[in-house]
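This is final.txt (compact mmCIF, C-alpha atoms).
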# COMPACT_ATOMS: atom_id res chain seq x y z
CA MET A 107 -102.75 -237.06 180.32
CA VAL A 108 -106.34 -236.31 179.36
CA ARG A 109 -109.06 -237.90 181.50
CA GLU A 110 -112.53 -238.53 180.16
CA VAL A 111 -115.72 -237.67 182.03
CA GLN A 112 -118.91 -239.00 180.50
CA ALA A 113 -121.72 -236.55 179.83
CA SER A 114 -124.11 -239.07 181.39
CA GLN A 115 -122.17 -238.82 184.67
CA ILE A 116 -122.67 -235.06 184.66
CA THR A 117 -126.39 -235.46 184.06
CA GLU A 118 -126.75 -237.97 186.90
CA THR A 119 -124.69 -235.81 189.26
CA VAL A 120 -126.64 -232.63 188.55
CA ALA A 121 -129.95 -234.48 188.96
CA ARG A 122 -128.85 -235.93 192.29
CA LEU A 123 -127.57 -232.61 193.61
CA CYS A 124 -130.76 -230.78 192.59
CA ARG A 125 -132.79 -233.23 194.67
CA GLU A 126 -130.42 -233.26 197.62
CA VAL A 127 -130.07 -229.51 198.00
CA ASN A 128 -133.84 -229.01 197.88
CA TYR A 129 -134.45 -231.61 200.60
CA ASN A 130 -131.45 -231.19 202.89
CA LEU A 131 -130.17 -228.02 204.51
CA GLY A 132 -126.39 -228.10 204.87
CA ALA A 133 -124.83 -228.93 208.24
CA ASP A 134 -123.08 -225.55 208.21
CA VAL A 135 -126.38 -223.68 207.81
CA LEU A 136 -128.08 -225.77 210.49
CA ALA A 137 -125.22 -225.14 212.90
CA ALA A 138 -125.45 -221.39 212.26
CA LEU A 139 -129.22 -221.44 212.87
CA GLU A 140 -128.78 -223.47 216.07
CA LYS A 141 -126.19 -221.01 217.34
CA ALA A 142 -128.41 -218.05 216.46
CA ALA A 143 -131.34 -219.64 218.30
CA THR A 144 -129.29 -219.62 221.51
CA THR A 145 -128.05 -216.05 221.16
CA GLU A 146 -131.09 -214.27 219.69
CA GLU A 147 -132.48 -211.77 222.21
CA SER A 148 -135.97 -211.55 220.77
CA PRO A 149 -138.43 -214.26 221.91
CA THR A 150 -140.20 -214.01 218.56
CA GLY A 151 -136.89 -214.27 216.76
CA ARG A 152 -135.92 -217.37 218.75
CA ALA A 153 -139.27 -218.97 217.96
CA VAL A 154 -138.85 -218.31 214.25
CA LEU A 155 -135.35 -219.78 214.25
CA ARG A 156 -136.63 -222.92 215.98
CA GLN A 157 -139.36 -223.20 213.35
CA LEU A 158 -136.76 -222.97 210.58
CA ILE A 159 -134.71 -225.72 212.23
CA GLU A 160 -137.82 -227.89 212.61
CA ASN A 161 -138.76 -227.26 208.99
CA ALA A 162 -135.33 -228.51 207.92
CA ARG A 163 -135.74 -231.65 210.05
CA ILE A 164 -139.13 -232.46 208.54
CA ALA A 165 -137.95 -231.80 204.97
CA ALA A 166 -134.96 -234.13 205.33
CA GLY A 167 -136.94 -236.81 207.13
CA ASP A 168 -139.92 -236.88 204.76
CA GLY A 169 -138.12 -236.09 201.50
CA LEU A 170 -139.90 -232.78 201.00
CA PRO A 171 -138.62 -229.47 199.62
CA LEU A 172 -137.30 -227.08 202.25
CA CYS A 173 -139.19 -224.24 200.57
CA GLN A 174 -142.04 -224.05 198.08
CA ASP A 175 -139.68 -222.02 195.87
CA CYS A 176 -137.29 -224.65 194.54
CA GLY A 177 -135.35 -221.90 192.84
CA THR A 178 -133.40 -221.26 189.70
CA ALA A 179 -130.83 -224.01 189.21
CA VAL A 180 -127.46 -222.26 189.20
CA VAL A 181 -124.62 -224.63 188.28
CA PHE A 182 -120.93 -223.85 188.71
CA LEU A 183 -118.52 -226.10 186.79
CA ASP A 184 -114.83 -226.05 187.70
CA ILE A 185 -113.37 -227.98 184.78
CA GLY A 186 -109.86 -229.35 185.01
CA GLN A 187 -107.81 -228.44 181.97
CA ASP A 188 -106.99 -232.14 181.51
CA VAL A 189 -110.65 -233.21 181.40
CA HIS A 190 -112.40 -234.21 178.20
CA ILE A 191 -116.21 -234.44 178.13
CA ALA A 192 -117.17 -237.57 176.23
CA GLY A 193 -120.48 -238.99 175.06
CA GLY A 194 -122.29 -235.68 174.68
CA ASP A 195 -122.07 -231.93 175.06
CA LEU A 196 -121.56 -230.24 178.40
CA ALA A 197 -124.42 -227.72 178.60
CA PRO A 198 -127.12 -230.15 177.38
CA ALA A 199 -125.87 -232.70 179.92
CA VAL A 200 -126.31 -230.19 182.74
CA GLU A 201 -129.72 -229.12 181.43
CA GLU A 202 -130.93 -232.71 181.25
CA GLY A 203 -129.90 -233.25 184.87
CA VAL A 204 -131.94 -230.25 185.97
CA ARG A 205 -134.91 -231.32 183.85
CA ARG A 206 -134.85 -234.89 185.14
CA SER A 207 -134.63 -233.87 188.79
CA TYR A 208 -137.28 -231.16 188.79
CA VAL A 209 -139.75 -233.36 186.88
CA ASP A 210 -139.11 -236.72 188.56
CA ALA A 211 -138.80 -235.31 192.09
CA TYR A 212 -141.84 -233.04 191.68
CA LEU A 213 -139.86 -229.91 192.52
CA ARG A 214 -141.59 -226.64 191.69
CA LYS A 215 -140.83 -225.40 188.21
CA SER A 216 -140.25 -221.66 188.30
CA ILE A 217 -138.55 -220.72 185.03
CA VAL A 218 -140.47 -218.80 182.34
CA ARG A 219 -139.67 -217.99 178.74
CA ARG A 220 -139.99 -214.44 177.39
CA PRO A 221 -139.47 -212.73 180.75
CA PHE A 222 -140.92 -209.36 179.69
CA SER A 223 -143.99 -210.62 177.79
CA ALA A 224 -145.73 -214.04 177.73
CA ARG A 225 -143.82 -215.50 180.72
CA THR A 226 -144.77 -219.06 179.77
CA ASN A 227 -143.43 -221.65 182.20
CA THR A 228 -140.88 -223.98 180.60
CA GLY A 229 -142.37 -226.86 182.58
CA ASP A 230 -139.11 -228.41 183.77
CA ASN A 231 -137.17 -225.56 185.42
CA THR A 232 -134.76 -225.31 182.51
CA PRO A 233 -132.65 -223.70 181.32
CA PRO A 234 -130.27 -223.58 184.26
CA ILE A 235 -127.73 -220.81 184.74
CA ILE A 236 -124.30 -222.30 184.06
CA HIS A 237 -120.95 -220.76 185.03
CA THR A 238 -117.76 -222.50 183.89
CA SER A 239 -114.17 -222.06 185.00
CA ILE A 240 -111.06 -223.81 183.71
CA VAL A 241 -108.84 -224.94 186.58
CA PRO A 242 -105.70 -227.08 186.89
CA GLY A 243 -106.04 -230.85 187.12
CA ASP A 244 -108.09 -233.69 185.69
CA ARG A 245 -111.28 -233.44 187.76
CA LEU A 246 -114.62 -231.76 187.22
CA ARG A 247 -116.29 -230.16 190.25
CA VAL A 248 -120.03 -229.61 189.99
CA SER A 249 -121.68 -227.16 192.41
CA VAL A 250 -125.45 -226.74 192.31
CA MET A 251 -127.32 -223.88 193.97
CA ALA A 252 -131.11 -223.66 194.13
CA LYS A 253 -131.53 -219.89 194.22
CA GLY A 254 -134.90 -218.63 195.39
CA GLY A 255 -136.51 -215.67 193.67
CA GLY A 256 -137.34 -213.63 196.76
CA ALA A 257 -133.73 -213.31 197.86
CA GLU A 258 -132.37 -212.95 194.33
CA ASN A 259 -134.76 -210.07 193.68
CA MET A 260 -133.00 -208.02 196.36
CA THR A 261 -129.62 -208.19 194.56
CA ARG A 262 -127.93 -204.83 194.15
CA LEU A 263 -125.01 -203.48 192.12
CA ALA A 264 -123.45 -200.13 192.97
CA MET A 265 -120.68 -198.49 190.97
CA LEU A 266 -119.00 -196.39 193.64
CA LYS A 267 -116.40 -193.71 193.24
CA PRO A 268 -113.02 -194.97 194.46
CA ALA A 269 -112.92 -192.15 197.04
CA GLN A 270 -115.93 -193.71 198.78
CA GLY A 271 -113.64 -196.57 199.75
CA ARG A 272 -114.26 -198.96 202.62
CA ALA A 273 -116.92 -196.79 204.25
CA GLY A 274 -118.83 -196.63 200.97
CA VAL A 275 -118.76 -200.42 200.63
CA ILE A 276 -120.16 -200.86 204.15
CA GLU A 277 -122.91 -198.30 203.65
CA THR A 278 -123.89 -199.86 200.31
CA VAL A 279 -124.41 -203.28 201.89
CA VAL A 280 -126.14 -202.07 205.04
CA THR A 281 -128.46 -199.78 203.07
CA ALA A 282 -129.38 -202.63 200.71
CA VAL A 283 -130.21 -204.96 203.61
CA ASP A 284 -132.17 -202.26 205.42
CA ALA A 285 -134.23 -201.49 202.30
CA ALA A 286 -134.91 -205.20 201.70
CA GLY A 287 -136.30 -205.72 205.21
CA GLY A 288 -138.04 -209.07 205.54
CA GLN A 289 -138.53 -209.62 201.78
CA PRO A 290 -135.47 -211.90 201.25
CA CYS A 291 -136.52 -214.17 204.18
CA PRO A 292 -133.81 -213.54 206.76
CA PRO A 293 -131.65 -214.65 208.45
CA LEU A 294 -129.49 -214.00 205.43
CA ILE A 295 -126.15 -214.91 204.04
CA ILE A 296 -124.72 -211.99 202.09
CA GLY A 297 -122.48 -212.62 199.11
CA LEU A 298 -120.37 -209.55 198.46
CA GLY A 299 -118.24 -208.89 195.40
CA ILE A 300 -115.96 -205.86 195.53
CA GLY A 301 -113.88 -204.65 192.61
CA GLY A 302 -113.27 -206.09 189.18
CA THR A 303 -115.93 -204.96 186.71
CA ALA A 304 -119.69 -204.97 187.09
CA GLU A 305 -120.15 -208.54 185.86
CA ALA A 306 -117.06 -209.84 187.70
CA ALA A 307 -118.29 -208.38 190.99
CA MET A 308 -121.75 -209.88 190.48
CA LEU A 309 -120.37 -213.34 189.76
CA ALA A 310 -117.96 -213.16 192.71
CA ALA A 311 -120.86 -212.24 195.01
CA LYS A 312 -122.95 -215.19 193.81
CA ARG A 313 -120.10 -217.65 194.03
CA ALA A 314 -119.19 -216.45 197.54
CA LEU A 315 -122.48 -217.95 198.71
CA LEU A 316 -120.99 -221.43 198.13
CA ARG A 317 -118.55 -220.89 200.98
CA PRO A 318 -119.38 -222.74 204.25
CA VAL A 319 -121.48 -220.38 206.37
CA GLY A 320 -119.32 -218.11 208.47
CA GLN A 321 -116.01 -219.27 207.02
CA PRO A 322 -113.98 -216.04 206.90
CA SER A 323 -112.15 -214.78 203.87
CA PRO A 324 -108.54 -216.00 203.79
CA ASP A 325 -107.52 -212.37 203.36
CA ALA A 326 -107.29 -210.71 206.79
CA GLU A 327 -108.41 -207.28 205.63
CA THR A 328 -111.43 -208.71 203.82
CA ALA A 329 -112.30 -210.91 206.81
CA GLU A 330 -112.27 -207.84 209.07
CA LEU A 331 -114.62 -206.08 206.64
CA GLU A 332 -116.97 -209.09 206.71
CA ASP A 333 -117.15 -208.94 210.51
CA GLU A 334 -117.89 -205.23 210.57
CA ILE A 335 -120.61 -205.46 207.94
CA LEU A 336 -122.23 -208.41 209.72
CA ALA A 337 -122.32 -206.48 213.00
CA ARG A 338 -123.84 -203.45 211.27
CA ILE A 339 -126.49 -205.59 209.58
CA ASN A 340 -127.47 -207.29 212.82
CA ASP A 341 -127.80 -203.91 214.52
CA LEU A 342 -130.63 -203.04 212.10
CA GLY A 343 -133.14 -205.02 214.16
CA ILE A 344 -134.86 -206.66 211.17
CA GLY A 345 -134.45 -210.11 212.66
CA PRO A 346 -135.58 -213.59 211.55
CA MET A 347 -138.20 -213.36 208.78
CA GLY A 348 -138.33 -209.61 209.38
CA LEU A 349 -140.14 -210.00 212.72
CA GLY A 350 -137.50 -208.27 214.83
CA GLY A 351 -134.30 -209.34 216.52
CA ARG A 352 -130.56 -209.29 216.14
CA THR A 353 -130.22 -212.22 213.74
CA THR A 354 -130.79 -210.52 210.41
CA ALA A 355 -127.77 -212.23 208.83
CA LEU A 356 -125.78 -215.35 209.66
CA ALA A 357 -122.71 -214.37 207.66
CA VAL A 358 -121.16 -212.03 205.13
CA HIS A 359 -118.95 -213.68 202.53
CA ALA A 360 -116.87 -211.11 200.67
CA VAL A 361 -114.48 -211.38 197.74
CA ALA A 362 -112.20 -208.47 196.77
CA LEU A 363 -110.94 -208.23 193.19
CA PRO A 364 -108.42 -205.86 191.58
CA ALA A 365 -110.22 -202.96 189.89
CA HIS A 366 -109.66 -200.12 187.45
CA ILE A 367 -108.25 -196.92 189.00
CA ALA A 368 -111.55 -195.13 188.28
CA SER A 369 -113.90 -197.89 189.49
CA LEU A 370 -115.21 -199.46 192.68
CA PRO A 371 -117.99 -201.92 191.83
CA VAL A 372 -119.89 -203.39 194.78
CA ALA A 373 -122.26 -206.31 194.20
CA VAL A 374 -124.57 -207.51 196.97
CA ASN A 375 -126.21 -210.92 196.48
CA PHE A 376 -128.79 -212.02 199.04
CA GLN A 377 -129.25 -215.63 200.14
CA CYS A 378 -132.24 -216.49 202.31
CA HIS A 379 -132.12 -218.81 205.33
CA SER A 380 -132.81 -221.74 202.98
CA ALA A 381 -129.24 -221.68 201.67
CA ARG A 382 -129.38 -224.68 199.35
CA HIS A 383 -126.22 -225.81 197.60
CA GLY A 384 -124.08 -228.89 197.23
CA GLU A 385 -121.16 -230.15 195.22
CA ALA A 386 -119.57 -233.30 193.82
CA THR A 387 -116.28 -234.02 192.09
CA LEU A 388 -116.05 -236.28 189.04
So, in terms of structure tokens, how does the structure I just supplied come out?
Amino acid sequence: MVREVQASQITETVARLCREVNYNLGADVLAALEKAATTEESPTGRAVLRQLIENARIAAGDGLPLCQDCGTAVVFLDIGQDVHIAGGDLAPAVEEGVRRSYVDAYLRKSIVRRPFSARTNTGDNTPPIIHTSIVPGDRLRVSVMAKGGGAENMTRLAMLKPAQGRAGVIETVVTAVDAAGGQPCPPLIIGLGIGGTAEAAMLAAKRALLRPVGQPSPDAETAELEDEILARINDLGIGPMGLGGRTTALAVHAVALPAHIASLPVAVNFQCHSARHGEATL
């Protein structure tokens, strides 16, 4: 039986999530920062982590953005195959939610038209980036991520030779983090897409950032890889905000996809300490 979801509900949900994720750091991220603040060996690193925790407290308490960069609005829609969108079209409903939130809540508008020439600000942080998936059921899950530019700019895609294998994957990620240094505002969460095709790996890496911080992959081999990469990253000594220490990353979230016999894509997507995302089900 087909179930209707009103376009207006989608707009209201996206608008609410855009506000909430910019004001409130998730409990999983806060817990990871608190844990890191007790284990970090560097006094400077510990002080920075405490400042990040205090910043999150003030933002939530006063209704202020966690970061001056309120990000690109990235919206994931998991649409049940028995859902019908009524009362309007899907993409415009999402866009209106982003527009309403960024204007009414005075969130910084960071999106420009003509990226290689005029770069004129759109004035309302639209258009958002929308990813849709058709899933079983009669519900619509909306996930909103406010993705800051500094971390996103460090994204890397490597098309490895299959013979480079596991070691090549590890070196690709560690080298990318080392080269980025303090630019993506560590401590980081690393989204890692392995396999598929170039675009599939990139999307998997971005979507992996929605996972609760530190939740391991359900695949044992992939979870073991996550642990090893995290240890290697934290041995780099970059530390919180690039000021030194062992807490360069809070987690590595990897997804492994089947790939062509001649291909080994590796996508590395950086998330800064202000890991802002939330979801709702309609």
Could you work out how far atom CA of Ala314 of chain A lies from atom CA of Val283 of chain A, giving the answer in Å with one decimal? 17.0 Å
List every protein, DNA or RNA residue that has an atom no more than 10 Å from (-139.2, -215.5, 217.2) in the file's coordinate frame, counting all atoms listed in the file, and report them as a list in words.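 Applying the cut-off with all atoms listed in the file, one gets Ala143, Glu146, Glu147, Ser148, Pro149, Thr150, Gly151, Arg152, Ala153, Val154, Leu155, Arg156, Gln157, Gly345, Pro346, Met347, Gly348, Leu349, Gly350 and Gly351 of chain A.
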Top pick for closest residue to Glu385 of chain A, considering A:Cys124, A:Leu363, A:Ala326, A:Val250 and counting all atoms listed in the file: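 Selected residue with least distance to Glu385 of chain A: A:Val250.
When all atoms listed in the file are used to compute distances to Ile344 of chain A, the closest of the residues A:Ala373, A:Ala362, A:Ala285, A:Ala252 turns out to be A:Ala285.
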Neighbour list for Gly384 of chain A as a ChimeraX atom specification, cut-off 9 Å, all atoms listed in the file, skip fewer than 6 positions in-chain: /A:123-124,126-127,132,248-251,316
Which is closest to Leu263 of chain A among A:Thr303, A:Ser239, A:Ser207, A:Ser223, if we use only C-alpha atoms?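 Of the candidates, the smallest distance to Leu263 of chain A is held by A:Thr303.
Counting from atom CA of Ala357 of chain A, the distance to atom CA of Asp333 of chain A is 8.3 Å.
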Residues at most 8 Å from Leu388 of chain A, counting all atoms listed in the file, excluding those fewer than 2 positions away in the same chain, as a list in words? Val111, Gln115, Arg245, Leu246, Arg247, Val248 and Ala386 of chain A
Export of the given selection (C-alpha atoms) as a JSON list (two decimals), keeping the file's coordinate frame:
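See part21.json below for the written result:
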[["chain", "number", "residue", "atom", "x", "y", "z"],
["A", 111, "VAL", "CA", -115.72, -237.67, 182.03],
["A", 115, "GLN", "CA", -122.17, -238.82, 184.67],
["A", 245, "ARG", "CA", -111.28, -233.44, 187.76],
["A", 246, "LEU", "CA", -114.62, -231.76, 187.22],
["A", 247, "ARG", "CA", -116.29, -230.16, 190.25],
["A", 248, "VAL", "CA", -120.03, -229.61, 189.99],
["A", 386, "ALA", "CA", -119.57, -233.30, 193.82]]
Students should find that atom CA of Ala329 of chain A and atom CA of Gly297 of chain A are spaced 12.9 Å
